>>> print(open('upload06.cif').read())   # mmCIF, C-alpha atoms
data_structure
loop_
_atom_site.label_atom_id
_atom_site.label_comp_id
_atom_site.auth_asym_id
_atom_site.auth_seq_id
_atom_site.Cartn_x
_atom_site.Cartn_y
_atom_site.Cartn_z
CA MET A 15 0.00 0.00 0.00
CA TRP A 16 1.12 3.55 -0.74
CA LYS A 17 -0.13 6.69 0.98
CA ASP A 18 0.92 10.24 1.76
CA PHE A 19 3.51 10.19 4.53
CA THR A 20 1.86 13.09 6.34
CA ASP A 21 -1.31 11.06 6.96
CA LYS A 22 -1.16 9.26 10.30
CA VAL A 23 -3.10 6.01 9.96
CA SER A 24 -3.40 2.88 12.11
CA PHE A 25 -4.28 -0.56 10.75
CA GLU A 26 -6.35 -3.59 11.68
CA ILE A 27 -6.64 -6.93 9.87
CA ILE A 28 -9.78 -9.00 10.43
CA LEU A 29 -9.75 -12.67 9.48
CA PRO A 30 -12.72 -14.52 7.92
CA ASP A 31 -13.68 -15.99 11.33
CA GLY A 32 -13.77 -12.52 12.90
CA SER A 33 -10.40 -12.74 14.67
CA SER A 34 -8.52 -9.44 14.70
CA THR A 35 -4.96 -8.23 15.04
CA GLY A 36 -6.17 -5.18 16.92
CA ARG A 37 -4.99 -1.76 15.82
CA ALA A 38 -1.37 -1.34 14.79
CA GLY A 39 -0.32 2.21 15.56
CA TYR A 40 1.16 4.55 12.94
CA GLU A 41 4.14 5.21 15.21
CA GLN A 42 5.28 1.59 14.79
CA THR A 43 7.65 0.59 12.00
CA ILE A 44 7.06 -3.17 12.22
CA PHE A 45 3.99 -4.98 13.55
CA LYS A 46 3.90 -8.77 13.92
CA ASP A 47 1.22 -11.10 15.25
CA ILE A 48 0.23 -14.76 15.09
CA ILE A 49 -3.49 -15.54 14.99
CA GLU A 50 -4.78 -19.10 14.65
CA GLY A 51 -1.27 -20.11 13.56
CA ILE A 52 -1.17 -17.49 10.78
CA ASN A 53 1.76 -15.09 10.61
CA ILE A 54 0.65 -11.51 10.03
CA GLY A 55 3.09 -8.67 9.56
CA ILE A 56 2.86 -4.98 8.70
CA ASP A 57 6.07 -3.21 7.69
CA ILE A 58 5.53 0.55 7.80
CA GLY A 59 8.16 2.24 5.66
CA ARG A 60 9.64 5.72 5.53
CA PRO A 61 9.88 8.13 2.57
CA SER A 62 12.71 7.47 0.14
CA PRO A 63 14.97 10.12 -1.41
CA TYR A 64 12.81 9.81 -4.54
CA SER A 65 9.23 9.94 -3.28
CA LEU A 66 7.01 11.63 -0.70
CA ARG A 67 4.81 8.55 -0.58
CA GLN A 68 4.99 5.98 2.20
CA GLU A 69 5.07 2.27 1.47
CA ILE A 70 3.32 -0.17 3.80
CA PHE A 71 3.96 -3.86 3.19
CA ILE A 72 1.36 -6.29 4.59
CA PHE A 73 2.17 -9.99 4.86
CA MET A 74 -0.20 -12.83 5.72
CA GLY A 75 1.11 -16.35 5.39
CA ASP A 76 1.33 -19.88 6.71
CA PHE A 77 3.89 -22.20 5.20
CA LYS A 78 2.23 -25.30 6.68
CA LYS A 79 -1.34 -24.87 5.47
CA ILE A 80 -3.55 -22.86 3.13
CA LEU A 81 -4.91 -19.60 4.47
CA PRO A 82 -8.59 -19.70 5.51
CA GLU A 83 -11.06 -18.96 2.74
CA GLY A 84 -13.41 -16.04 3.03
CA GLU A 85 -13.37 -12.28 3.29
CA TRP A 86 -10.25 -10.73 4.81
CA ILE A 87 -10.68 -7.13 5.89
CA LEU A 88 -7.97 -4.48 6.08
CA ARG A 89 -9.37 -1.61 8.11
CA LEU A 90 -7.67 1.80 8.18
CA TYR A 91 -8.23 4.36 10.91
CA GLY A 92 -7.40 7.99 10.16
CA GLU A 93 -5.65 9.47 13.19
CA ASP A 94 -4.50 12.71 11.57
CA VAL A 95 -5.32 12.97 7.86
CA ALA A 96 -4.29 15.71 5.42
CA ASP A 97 -4.52 13.91 2.06
CA GLY A 98 -6.66 10.83 2.64
CA ASN A 99 -5.80 8.96 -0.57
CA PHE A 100 -4.08 5.60 -0.75
CA ASP A 101 -3.40 2.90 -3.34
CA ILE A 102 -3.04 -0.79 -2.65
CA TRP A 103 -2.01 -3.72 -4.84
CA LEU A 104 -1.90 -7.49 -4.53
CA PRO A 105 1.36 -9.32 -5.34
CA VAL A 106 2.00 -10.46 -8.92
CA ASN A 107 -0.02 -13.40 -10.26
CA GLU A 108 2.82 -15.85 -9.63
CA LEU A 109 2.55 -15.30 -5.86
CA VAL A 110 -1.23 -15.48 -5.35
CA SER A 111 -3.98 -17.65 -6.80
CA SER A 112 -6.78 -16.40 -9.05
CA ASP A 113 -9.12 -16.85 -6.08
CA THR A 114 -7.40 -13.97 -4.28
CA TYR A 115 -8.75 -10.57 -5.29
CA PHE A 116 -10.11 -7.25 -4.08
CA ILE A 117 -13.90 -7.10 -3.84
CA GLN A 118 -14.01 -3.58 -5.33
CA ALA A 119 -10.86 -3.26 -7.41
CA ASP A 120 -10.08 -0.38 -9.78
CA SER A 121 -9.36 -1.97 -13.17
CA GLU A 122 -7.94 1.29 -14.52
CA GLU A 123 -5.25 1.72 -11.88
CA THR A 124 -3.28 -1.51 -12.17
CA ILE A 125 0.22 -0.30 -13.04
CA THR A 126 2.88 -1.07 -10.42
CA LEU A 127 6.50 -0.27 -9.70
CA PRO A 128 8.84 0.10 -11.43
CA ALA A 129 6.54 0.88 -14.39
CA ALA A 130 4.78 3.63 -12.43
CA SER A 131 7.99 5.68 -12.18
CA GLY A 132 7.78 8.91 -14.13
CA ARG A 133 11.20 9.03 -15.78
CA ILE A 134 11.48 5.52 -17.16
CA LEU A 135 10.06 4.06 -20.37
CA SER A 136 7.10 1.95 -19.21
CA VAL A 137 6.15 -0.80 -21.65
CA GLY A 138 2.71 -2.39 -21.92
CA GLY A 139 1.85 -5.41 -24.05
CA TYR A 140 -0.44 -6.08 -27.00
CA ASN A 141 -1.56 -9.10 -29.01
CA PRO A 142 -0.09 -8.95 -32.55
CA GLU A 143 -2.88 -11.20 -33.88
CA THR A 144 -5.75 -8.97 -32.80
CA GLY A 145 -4.01 -5.62 -32.37
CA GLU A 146 -5.67 -5.32 -28.94
CA ILE A 147 -3.93 -4.36 -25.73
CA ALA A 148 -3.46 -7.54 -23.66
CA ASP A 149 -5.76 -7.92 -20.67
CA PHE A 150 -2.76 -8.51 -18.38
CA SER A 151 -1.11 -5.23 -19.34
CA GLY A 152 -1.23 -2.74 -16.47
CA ILE A 153 -2.52 0.81 -16.92
CA GLY A 154 -2.68 3.91 -14.73
CA TYR A 155 -0.62 6.96 -13.81
CA SER A 156 2.76 7.79 -12.40
CA GLU A 157 3.02 9.71 -9.13
CA GLY A 158 3.33 12.91 -11.16
CA GLY A 159 0.09 12.19 -13.04
CA TYR A 160 1.62 11.01 -16.33
CA VAL A 161 -0.27 8.33 -18.26
CA LYS A 162 1.39 4.91 -18.07
CA PRO A 163 2.52 2.83 -19.86
CA ASP A 164 4.34 5.00 -22.39
CA ILE A 165 4.16 2.51 -25.28
CA ALA A 166 3.07 -1.08 -25.90
CA ALA A 167 5.13 -3.85 -27.53
CA LEU A 168 4.52 -7.43 -28.71
CA ALA A 169 3.50 -9.56 -25.73
CA VAL A 170 1.33 -12.56 -26.72
CA ASP A 171 2.71 -15.85 -28.14
CA ILE A 172 6.02 -14.29 -29.19
CA ILE A 173 8.65 -16.69 -30.54
CA ALA A 174 12.04 -15.73 -29.08
CA PRO A 175 15.35 -17.32 -28.01
CA ARG A 176 15.26 -19.17 -24.70
CA ALA A 177 17.92 -19.77 -22.06
CA GLY A 178 20.03 -22.81 -22.90
CA GLY A 179 19.44 -22.57 -26.64
CA GLY A 180 16.58 -22.93 -29.06
CA TYR A 181 13.34 -20.97 -29.25
CA ASP A 182 10.09 -20.90 -27.34
CA SER A 183 6.78 -19.03 -27.18
CA PHE A 184 6.51 -16.29 -24.56
CA THR A 185 3.57 -14.24 -23.30
CA GLY A 186 3.59 -11.27 -20.93
CA THR A 187 5.08 -7.83 -20.50
CA SER A 188 8.30 -9.66 -19.55
CA ILE A 189 8.76 -10.27 -23.30
CA ALA A 190 7.43 -6.84 -24.34
CA SER A 191 10.03 -5.05 -22.19
CA PRO A 192 13.15 -6.67 -23.74
CA ILE A 193 11.75 -5.99 -27.23
CA ALA A 194 11.46 -2.30 -26.32
CA ALA A 195 14.89 -2.37 -24.65
CA GLY A 196 16.43 -3.74 -27.85
CA ALA A 197 14.78 -1.02 -29.91
CA ALA A 198 16.03 1.60 -27.43
CA ALA A 199 19.56 0.22 -27.69
CA LEU A 200 19.47 0.49 -31.50
CA MET A 201 18.23 4.09 -31.31
CA MET A 202 20.94 5.02 -28.78
CA GLU A 203 23.57 3.35 -30.95
CA TRP A 204 22.40 5.36 -33.96
CA GLY A 205 22.33 8.59 -32.00
CA ILE A 206 25.25 8.41 -29.57
CA ILE A 207 27.69 5.81 -30.90
CA LYS A 208 27.32 6.73 -34.57
CA GLY A 209 27.28 10.46 -33.86
CA ASN A 210 23.82 11.36 -35.18
CA ASP A 211 22.32 12.60 -31.90
CA ALA A 212 24.44 12.87 -28.75
CA PHE A 213 21.33 13.36 -26.59
CA MET A 214 19.40 10.28 -27.67
CA TYR A 215 18.57 9.01 -24.19
CA GLY A 216 16.15 9.58 -21.31
CA GLN A 217 13.02 11.61 -21.98
CA ARG A 218 14.21 12.52 -25.49
CA LEU A 219 14.39 8.84 -26.41
CA LYS A 220 10.94 8.26 -24.89
CA ALA A 221 9.47 11.14 -26.91
CA PHE A 222 10.77 9.68 -30.18
CA PHE A 223 9.42 6.26 -29.20
CA GLN A 224 5.95 7.65 -28.62
CA THR A 225 6.00 9.81 -31.76
CA GLY A 226 7.21 7.03 -34.04
CA SER A 227 5.15 4.16 -32.70
CA ALA A 228 2.41 2.80 -34.94
CA GLU A 229 -1.27 3.62 -34.45
CA SER A 230 -0.43 6.15 -31.79
CA GLY A 231 -3.94 6.77 -30.84
CA ARG A 232 -7.38 5.60 -30.37
CA GLN A 233 -7.86 1.88 -30.53
CA ASN A 234 -9.82 0.51 -27.58
CA ILE A 235 -9.74 3.94 -26.01
CA SER A 236 -12.54 3.31 -23.49
CA ARG A 237 -10.37 0.86 -21.52
CA PHE A 238 -7.84 3.60 -20.83
CA GLU A 239 -10.14 6.41 -19.90
CA VAL A 240 -9.62 7.59 -16.34
CA GLY A 241 -11.67 10.68 -15.54
CA LEU A 242 -11.14 13.06 -18.46
CA ARG A 243 -7.66 11.76 -19.30
CA LYS A 244 -6.93 9.15 -21.96
CA ALA A 245 -3.96 6.85 -22.19
CA LEU A 246 -3.02 7.28 -25.84
CA PHE A 247 0.09 5.21 -26.29
CA GLY A 248 1.33 3.67 -29.51
CA LYS A 249 2.39 0.18 -30.43
CA LEU A 250 6.02 -0.63 -31.07
CA HIS A 251 6.60 -3.10 -33.91
#
>>> encode(input="upload06.cif", output="structure tokens")
Amino acid sequence: MWKDFTDKVSFEIILPDGSSTGRAGYEQTIFKDIIEGINIGIDIGRPSPYSLRQEIFIFMGDFKKILPEGEWILRLYGEDVADGNFDIWLPVNELVSSDTYFIQADSEETITLPAASGRILSVGGYNPETGEIADFSGIGYSEGGYVKPDIAALAVDIIAPRAGGGYDSFTGTSIASPIAAGAAALMMEWGIIKGNDAFMYGQRLKAFFQTGSAESGRQNISRFEVGLRKALFGKLH
């Protein structure tokens, strides 16, 4: 979970059977409890040199048995609130089952770190067969309010070299990102190494990526509409 550091908030986790951790105070940095044999931890972070936001990491686990089914409740208590906004994400799909989800999730704020950082090139994924943005591709905004991702690259059933030799089919933004990284390397080689543009890096490189990407515009636009803003990012071939 991420929130404004100035907001003082305490936490309570309620298990499906009604058991509770009680309130963990905002002045704590680490809270640990064991309820019904389940380890519950809350790690309350501090601002980094790069962000005013505060990260709170919540862990619930039992290595000996499956966690109880049902509705788990995270309750926040505002002790001294100036901003009042917070964002919370589940771990990546590889760490939780499809049966674990938020009851009222925001499908248009799914981008996570590091892709939510403002100054990097964030890469989404699209299906080359249909031309549609892949349903697993995160969308949202950076902390500064910039639309993310910046571009989309091939990400569904992509034939590429595999570790140990040979080729395999890959799906996910984990294949879209190296495709974009390779394209970025070629552009930087043309600009910096070959002497055509000594400043072909950073935001300048990102701007050329967005300008030159195909269909930079309006396909499937309703999926990327958040308020009055629209995520208009192009597709990198």
>>> atom_distance(input="upload06.cif", atom1="atom CA of Val170 of chain A", atom2="atom CA of Thr126 of chain A")
20.0 Å
>>> resolve_selection(input="upload06.cif", expression="the PyMOL selection byres ((chain A and resi 36-39) around 8)", output="PyMOL selection string")
chain A and resi 23-27+34-35+40-42+45
>>> residues_around(input="upload06.cif", residues="Ala221 of chain A", least_positions_apart="3", cutoff="12 Å", atoms="only C-alpha atoms", output="JSON, numbers by chain")
{"A": [133, 134, 135, 164, 165, 198, 214, 215, 216, 217, 218, 224, 225, 226, 227, 247, 248]}
>>> atom_distance(input="upload06.cif", atom1="atom CA of Gly154 of chain A", atom2="atom CA of Thr124 of chain A")
6.0 Å
>>> atom_distance(input="upload06.cif", atom1="atom CA of Thr114 of chain A", atom2="atom CA of Ser136 of chain A")
26.2 Å
>>> resolve_selection(input="upload06.cif", expression="the PyMOL selection byres ((chain A and resi 15) around 9)", output="MDAnalysis selection string")
chainID A and resid 16:17 68:72 100:104
>>> resolve_selection(input="upload06.cif", expression="the PyMOL selection byres ((chain A and resi 116) around 12)", output="list of chain:residue names")
A:Gly84, A:Glu85, A:Trp86, A:Ile87, A:Leu88, A:Ile102, A:Trp103, A:Leu104, A:Pro105, A:Ser112, A:Asp113, A:Thr114, A:Tyr115, A:Ile117, A:Gln118, A:Ala119, A:Asp120, A:Ser121
>>> closest_residue(input="upload06.cif", among="A:Ala169, A:Pro142, A:Ala130, A:Lys162", to="Ser65 of chain A", atoms="only C-alpha atoms")
A:Ala130
>>> residues_around(input="upload06.cif", residues="segment 178-192 of chain A", least_positions_apart="5", cutoff="7 Å", atoms="only C-alpha atoms", output="ChimeraX atom specification")
/A:137-139,151,167-173
>>> closest_residue(input="upload06.cif", among="A:Val95, A:Val110, A:Met74, A:Val161", to="Glu122 of chain A", atoms="all atoms listed in the file")
A:Val161
>>> residues_around(input="upload06.cif", residues="Leu200 of chain A", least_positions_apart="5", cutoff="12 Å", atoms="only C-alpha atoms", output="PyMOL selection string")
chain A and resi 193-195+205-208+214-215+219+223
